[in-house]
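Chemist: Have a peek at start_16.txt (compact mmCIF, C-alpha atoms and all ligand atoms).
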# COMPACT_ATOMS: atom_id res chain seq x y z
CA MET A 1 -10.12 -8.09 -44.32
CA GLU A 2 -10.56 -5.39 -41.66
CA GLU A 3 -13.31 -6.23 -39.17
CA SER A 4 -14.74 -2.73 -39.75
CA TYR A 5 -15.67 -3.77 -43.31
CA PHE A 6 -18.32 -6.15 -41.94
CA HIS A 7 -19.57 -3.77 -39.21
CA GLU A 8 -20.14 -1.12 -41.89
CA MET A 9 -22.06 -3.59 -44.05
CA TYR A 10 -24.45 -4.34 -41.16
CA ARG A 11 -24.72 -0.67 -40.11
CA ASP A 12 -26.52 0.08 -43.36
CA SER A 13 -28.69 -3.05 -43.63
CA ASP A 14 -30.11 -6.02 -41.69
CA ASP A 15 -29.42 -8.25 -44.70
CA PRO A 16 -26.54 -6.72 -46.69
CA TRP A 17 -26.10 -9.68 -49.09
CA GLY A 18 -29.82 -10.33 -49.69
CA PHE A 19 -29.76 -13.77 -48.04
CA THR A 20 -33.52 -13.65 -47.40
CA SER A 21 -34.52 -12.26 -50.80
CA ARG A 22 -32.23 -13.51 -53.58
CA TRP A 23 -32.95 -16.69 -55.53
CA TYR A 24 -29.17 -17.08 -55.94
CA GLU A 25 -28.88 -17.52 -52.17
CA GLN A 26 -31.97 -19.72 -51.78
CA ARG A 27 -30.80 -22.04 -54.55
CA LYS A 28 -27.26 -22.16 -53.17
CA TYR A 29 -28.58 -23.09 -49.74
CA GLN A 30 -30.66 -25.88 -51.29
CA VAL A 31 -27.60 -27.26 -53.09
CA THR A 32 -25.61 -26.96 -49.83
CA MET A 33 -28.19 -28.84 -47.78
CA ALA A 34 -28.51 -31.51 -50.49
CA ALA A 35 -24.73 -32.05 -50.54
CA LEU A 36 -24.60 -32.97 -46.84
CA SER A 37 -24.26 -36.73 -46.90
CA ALA A 38 -25.70 -37.54 -43.45
CA PRO A 39 -29.34 -37.12 -42.48
CA ARG A 40 -28.36 -35.86 -39.01
CA TYR A 41 -25.28 -34.43 -37.30
CA ARG A 42 -24.42 -34.44 -33.60
CA ARG A 43 -22.50 -31.17 -33.27
CA ALA A 44 -22.05 -28.70 -36.12
CA PHE A 45 -20.02 -25.52 -36.43
CA GLU A 46 -20.89 -22.76 -38.89
CA ALA A 47 -18.24 -20.07 -39.33
CA GLY A 48 -19.47 -16.59 -40.31
CA CYS A 49 -23.18 -17.32 -40.01
CA SER A 50 -24.33 -13.75 -40.68
CA ILE A 51 -28.06 -13.37 -39.94
CA GLY A 52 -28.60 -17.12 -39.67
CA VAL A 53 -30.50 -17.96 -42.85
CA LEU A 54 -28.39 -21.03 -43.62
CA SER A 55 -28.02 -21.69 -39.86
CA GLU A 56 -31.78 -22.17 -39.55
CA GLN A 57 -31.69 -24.87 -42.24
CA LEU A 58 -28.63 -26.51 -40.71
CA ALA A 59 -30.28 -26.56 -37.27
CA SER A 60 -33.04 -28.76 -38.65
CA ARG A 61 -30.40 -31.47 -39.36
CA CYS A 62 -28.28 -31.07 -36.19
CA GLU A 63 -28.62 -32.02 -32.52
CA GLN A 64 -26.38 -29.06 -31.68
CA LEU A 65 -25.28 -26.14 -33.83
CA LEU A 66 -22.77 -23.45 -32.95
CA ALA A 67 -23.09 -20.57 -35.43
CA VAL A 68 -20.66 -17.66 -35.03
CA ASP A 69 -20.08 -14.26 -36.59
CA LEU A 70 -17.94 -11.29 -35.66
CA SER A 71 -20.86 -8.88 -36.04
CA ASP A 72 -22.97 -8.48 -32.86
CA LYS A 73 -25.85 -7.21 -34.96
CA ALA A 74 -25.79 -10.23 -37.28
CA VAL A 75 -25.56 -12.59 -34.30
CA GLN A 76 -28.58 -10.95 -32.63
CA ILE A 77 -30.65 -11.45 -35.79
CA ALA A 78 -29.37 -15.03 -36.17
CA ALA A 79 -30.17 -15.83 -32.52
CA GLU A 80 -33.73 -14.57 -33.00
CA ARG A 81 -34.10 -16.72 -36.14
CA LEU A 82 -32.70 -19.78 -34.33
CA LYS A 83 -35.17 -19.49 -31.42
CA THR A 84 -37.75 -21.37 -33.43
CA ALA A 85 -35.29 -23.79 -35.03
CA GLY A 86 -35.18 -27.40 -33.94
CA GLY A 87 -32.33 -28.79 -31.84
CA GLN A 88 -29.92 -26.83 -29.69
CA ALA A 89 -28.80 -24.00 -31.91
CA ILE A 90 -26.63 -21.21 -30.53
CA ALA A 91 -25.46 -18.05 -32.27
CA GLU A 92 -22.53 -16.25 -30.65
CA THR A 93 -20.15 -13.43 -31.42
CA ARG A 94 -16.75 -14.90 -32.20
CA ASP A 95 -13.91 -14.36 -34.65
CA PHE A 96 -13.35 -17.88 -35.97
CA VAL A 97 -9.88 -16.97 -37.30
CA ALA A 98 -8.49 -15.54 -34.04
CA ASP A 99 -10.58 -17.72 -31.75
CA TRP A 100 -11.53 -21.09 -33.24
CA PRO A 101 -14.05 -22.78 -30.87
CA PRO A 102 -13.01 -25.69 -28.65
CA GLY A 103 -14.18 -29.26 -29.11
CA SER A 104 -14.84 -31.51 -32.06
CA PHE A 105 -17.53 -31.30 -34.72
CA ASP A 106 -19.02 -33.82 -37.12
CA LEU A 107 -20.04 -30.98 -39.45
CA ILE A 108 -18.10 -27.81 -40.25
CA VAL A 109 -19.68 -25.29 -42.63
CA LEU A 110 -17.53 -22.65 -44.34
CA SER A 111 -19.95 -20.80 -46.58
CA GLU A 112 -18.87 -17.53 -48.22
CA VAL A 113 -16.26 -16.76 -45.56
CA LEU A 114 -12.83 -17.97 -46.66
CA TYR A 115 -12.13 -15.48 -49.45
CA TYR A 116 -11.87 -12.76 -46.80
CA LEU A 117 -8.73 -14.41 -45.41
CA ASP A 118 -5.13 -14.02 -46.48
CA HIS A 119 -3.08 -17.15 -47.25
CA ALA A 120 -1.71 -17.57 -43.71
CA GLN A 121 -5.15 -17.14 -42.13
CA LEU A 122 -6.67 -19.62 -44.59
CA ASP A 123 -4.01 -22.21 -43.79
CA ALA A 124 -4.58 -21.69 -40.05
CA VAL A 125 -8.35 -22.14 -40.44
CA ILE A 126 -7.88 -25.30 -42.53
CA ALA A 127 -5.58 -26.68 -39.80
CA HIS A 128 -8.09 -25.85 -37.03
CA ALA A 129 -10.98 -27.34 -39.00
CA SER A 130 -9.03 -30.47 -39.86
CA ALA A 131 -8.10 -31.01 -36.18
CA ALA A 132 -11.68 -30.38 -35.00
CA LEU A 133 -13.38 -32.68 -37.52
CA THR A 134 -14.40 -36.11 -36.24
CA ASP A 135 -13.43 -39.18 -38.29
CA ASP A 136 -17.07 -39.66 -39.30
CA GLY A 137 -17.60 -35.95 -39.94
CA GLU A 138 -17.55 -33.72 -42.99
CA LEU A 139 -16.56 -30.20 -43.89
CA ILE A 140 -18.47 -28.30 -46.54
CA ALA A 141 -17.13 -25.20 -48.27
CA VAL A 142 -19.23 -23.03 -50.61
CA HIS A 143 -18.02 -19.84 -52.31
CA TRP A 144 -18.97 -17.27 -54.96
CA ARG A 145 -16.59 -17.53 -57.92
CA TRP A 146 -16.75 -14.05 -59.47
CA PRO A 147 -13.84 -11.77 -58.52
CA VAL A 148 -14.52 -9.06 -55.93
CA GLU A 149 -11.88 -6.35 -55.92
CA GLU A 150 -11.64 -5.90 -52.15
CA TYR A 151 -11.48 -9.65 -51.29
CA PRO A 152 -7.94 -11.02 -50.77
CA GLN A 153 -8.74 -14.29 -52.58
CA THR A 154 -11.28 -15.67 -55.04
CA GLY A 155 -13.59 -18.56 -54.28
CA ASP A 156 -11.65 -20.78 -56.68
CA GLN A 157 -8.37 -19.97 -54.94
CA VAL A 158 -9.67 -21.00 -51.52
CA HIS A 159 -11.23 -24.19 -52.89
CA ASP A 160 -7.98 -25.05 -54.70
CA ARG A 161 -6.15 -24.61 -51.38
CA LEU A 162 -8.64 -26.89 -49.62
CA ARG A 163 -8.17 -29.48 -52.37
CA ASP A 164 -4.38 -29.28 -51.82
CA SER A 165 -4.75 -29.85 -48.06
CA ASP A 166 -4.70 -33.18 -46.23
CA LEU A 167 -8.50 -33.31 -46.22
CA VAL A 168 -10.11 -36.05 -48.34
CA HIS A 169 -12.38 -34.71 -51.07
CA THR A 170 -15.72 -36.55 -51.15
CA ALA A 171 -18.06 -34.48 -53.35
CA GLY A 172 -18.24 -31.31 -55.39
CA TYR A 173 -20.45 -29.02 -57.40
CA LEU A 174 -19.40 -26.27 -59.79
CA ASP A 175 -21.30 -23.74 -61.86
CA THR A 176 -20.55 -20.31 -63.26
CA ASP A 177 -21.44 -18.58 -60.00
CA PHE A 178 -20.37 -20.79 -57.11
CA ARG A 179 -18.28 -23.76 -56.16
CA LEU A 180 -19.04 -26.29 -53.44
CA ASP A 181 -16.72 -28.97 -52.09
CA VAL A 182 -17.22 -31.54 -49.35
CA PHE A 183 -14.30 -33.03 -47.43
CA ALA A 184 -13.68 -35.63 -44.74
CA ARG A 185 -10.68 -36.07 -42.44
CA VAL A 186 -10.26 -39.68 -43.51
CA ALA A 187 -11.77 -41.66 -46.38
CA ARG A 188 -15.32 -42.65 -45.53
CA GLN A 189 -18.10 -44.75 -46.99
CA SER A 190 -20.51 -43.26 -49.52
CA VAL A 191 -24.21 -42.95 -48.70
CA ALA A 192 -24.98 -46.10 -50.75
CA GLN A 193 -22.21 -48.03 -48.94
CA ARG A 194 -23.48 -46.89 -45.54
CA GLU A 195 -26.97 -48.09 -46.45
CA HIS A 196 -25.63 -51.43 -47.81
CA LEU A 197 -26.96 -50.73 -51.30
CA VAL A 198 -23.63 -51.84 -52.78
C1 LIG B 201 -20.98 -13.21 -47.02
S1 LIG B 201 -21.44 -13.49 -45.33
C2 LIG B 201 -21.74 -15.24 -45.33
C3 LIG B 201 -22.92 -15.66 -44.49
C4 LIG B 201 -23.26 -17.15 -44.45
N1 LIG B 201 -22.11 -17.97 -44.16
C5 LIG B 201 -23.92 -17.60 -45.71
O1 LIG B 201 -23.30 -18.27 -46.52
O2 LIG B 201 -25.10 -17.30 -45.89
C6 LIG B 201 -19.89 -13.40 -44.50
C7 LIG B 201 -20.04 -13.31 -42.99
O3 LIG B 201 -18.83 -13.75 -42.38
C8 LIG B 201 -18.58 -12.92 -41.26
N2 LIG B 201 -17.15 -13.00 -40.98
C9 LIG B 201 -16.12 -12.64 -41.78
N3 LIG B 201 -14.94 -12.91 -41.21
C10 LIG B 201 -15.22 -13.46 -40.00
C11 LIG B 201 -14.43 -13.96 -38.93
N4 LIG B 201 -13.10 -13.94 -38.99
N5 LIG B 201 -15.05 -14.48 -37.84
C12 LIG B 201 -16.41 -14.50 -37.77
N6 LIG B 201 -17.22 -14.04 -38.77
C13 LIG B 201 -16.63 -13.53 -39.86
C14 LIG B 201 -19.08 -11.55 -41.66
O4 LIG B 201 -19.37 -10.73 -40.56
C15 LIG B 201 -20.34 -11.91 -42.47
O5 LIG B 201 -21.47 -11.93 -41.66
Once you've parsed the file, please lay out its structure as structure tokens.
Modeler:
Amino acid sequence: MEESYFHEMYRDSDDPWGFTSRWYEQRKYQVTMAALSAPRYRRAFEAGCSIGVLSEQLASRCEQLLAVDLSDKAVQIAAERLKTAGGQAIAETRDFVADWPPGSFDLIVLSEVLYYLDHAQLDAVIAHASAALTDDGELIAVHWRWPVEEYPQTGDQVHDRLRDSDLVHTAGYLDTDFRLDVFARVARQSVAQREHLV
């Protein structure tokens, strides 16, 4: 999608998707946080963080969080929200497709961002994420499933592509509105196995 599409969205509103007001978003964030299998993460990356509503929740589970968006306005609002969040949480302006951040992460969050990409961009992002994910880390993807005319792909198409990648699928959730999938780079123990319950 053209970058101008997002700048125009934020020109007209501080919260163009209703992240702070809609029950759909609040519930989706709760499902997202519940699907994360570790209680804490060392260094997380959130791509396309918008105004930082999910970022604030992620920060409470992370020692360090890097949350990026291509909109300066969204990043300013996210940075303000993250000032009071626990841990070291940074919001910065960055295009995660053209300029994937350096270093490794034990949590990568791709929430409502991949359907804006064409097939080549999606494959490049999956490759970057896969290379940046630690062996004990996880990647979580969450996307709206209803078709949107101007988006290059649907949520189901991007999740199908993730499922076809080399990433190991560890958990999933599906309803009429959104789909969530969790992946690891290599097969890892379940929560019960890690806690010696089995
Ligand atoms: C629908 S919002 C999702 C916000 C957040 N991830 C969530 O789930 O609440 C999509 C956001 O992704 C950002 N975005 C889209 N493409 C991007 C890119 N290539 N790099 C950085 N941010 C991007 C947009 O500016 C917008 O703020």
Chemist: Which residues of chain A have any atom within 6 Å of an atom in ligand LIG 201 (chain B) when counting all atoms listed in the file, and what is the closest pair of atoms for each, with the distance in Å to one decimal? Order the rows by chain and rising number and write it as a tab-separated table.
Modeler:
residue	atom	partner	partner_atom	distance
A:Phe6	CA	B:LIG201	O4	4.9
A:Gly48	CA	B:LIG201	O3	3.6
A:Cys49	CA	B:LIG201	N1	4.3
A:Ser50	CA	B:LIG201	O5	3.5
A:Leu54	CA	B:LIG201	O2	5.5
A:Val68	CA	B:LIG201	C12	6.0
A:Asp69	CA	B:LIG201	N6	3.6
A:Leu70	CA	B:LIG201	C12	4.1
A:Ser71	CA	B:LIG201	O4	5.1
A:Arg94	CA	B:LIG201	C12	5.6
A:Asp95	CA	B:LIG201	N5	3.4
A:Phe96	CA	B:LIG201	N5	4.2
A:Val97	CA	B:LIG201	N4	4.7
A:Ser111	CA	B:LIG201	O1	4.2
A:Glu112	CA	B:LIG201	C2	4.7
A:Val113	CA	B:LIG201	C6	5.1
Chemist: May I have a table of the residues of region 131-152 of chain A lying at most 10 Å from region 35-42 of chain A, giving each one's closest pair of atoms and their distance in Å to one decimal, counting only C-alpha atoms, ordered by chain and ascending residue number, as a Markdown table?
Modeler:
| residue | atom | partner | partner_atom | distance |
| --- | --- | --- | --- | --- |
| A:Asp136 | CA | A:Ala38 | CA | 9.8 |
| A:Gly137 | CA | A:Tyr41 | CA | 8.3 |
| A:Glu138 | CA | A:Leu36 | CA | 8.1 |
| A:Leu139 | CA | A:Leu36 | CA | 9.0 |
| A:Ile140 | CA | A:Leu36 | CA | 7.7 |
Chemist: In terms of the shortest atom-to-atom distance over only C-alpha atoms, which of A:Asp106, A:Tyr116, A:Glu149, A:Tyr5 is closest to Ala184 (chain A)?
Modeler: A:Asp106
Chemist: Within 10 Å of Tyr173 (chain A), counting all atoms listed in the file, which residues qualify if same-chain residues fewer than 4 places away don't, as a PyMOL selection string?
Modeler: chain A and resi 31-32+35+142+178-182
Chemist: For CA of Ser165 (chain A) and CA of Val148 (chain A), quote the distance in Å rounded to one decimal.
Modeler: 24.3 Å
Chemist: Using all atoms listed in the file, pick whichever of A:Ala44, A:Met33, A:Tyr10, A:Ser130 has the shortest atom-to-atom distance to Val75 (chain A).
Modeler: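 Using all atoms listed in the file, the shortest distance to Val75 (chain A) belongs to A:Tyr10.
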Chemist: May I have the residues within 10 Å of Ala131 (chain A) as a list of chain:residue names, using only C-alpha atoms and disregarding those fewer than 5 positions away in the same chain?
Modeler: A:Gly103, A:Ser104, A:Phe105, A:Val125, A:Ile126, A:Arg185
Chemist: Which value, in Å to one decimal, gives the distance between CA of Lys83 (chain A) and CA of Trp23 (chain A)?
Modeler: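 Between CA of Lys83 (chain A) and CA of Trp23 (chain A) the gap works out to 24.4 Å.
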Chemist: Grab the CA of Gly18 (chain A) to CA of Trp144 (chain A) distance for me, in Å with one decimal place.
Modeler: 13.9 Å
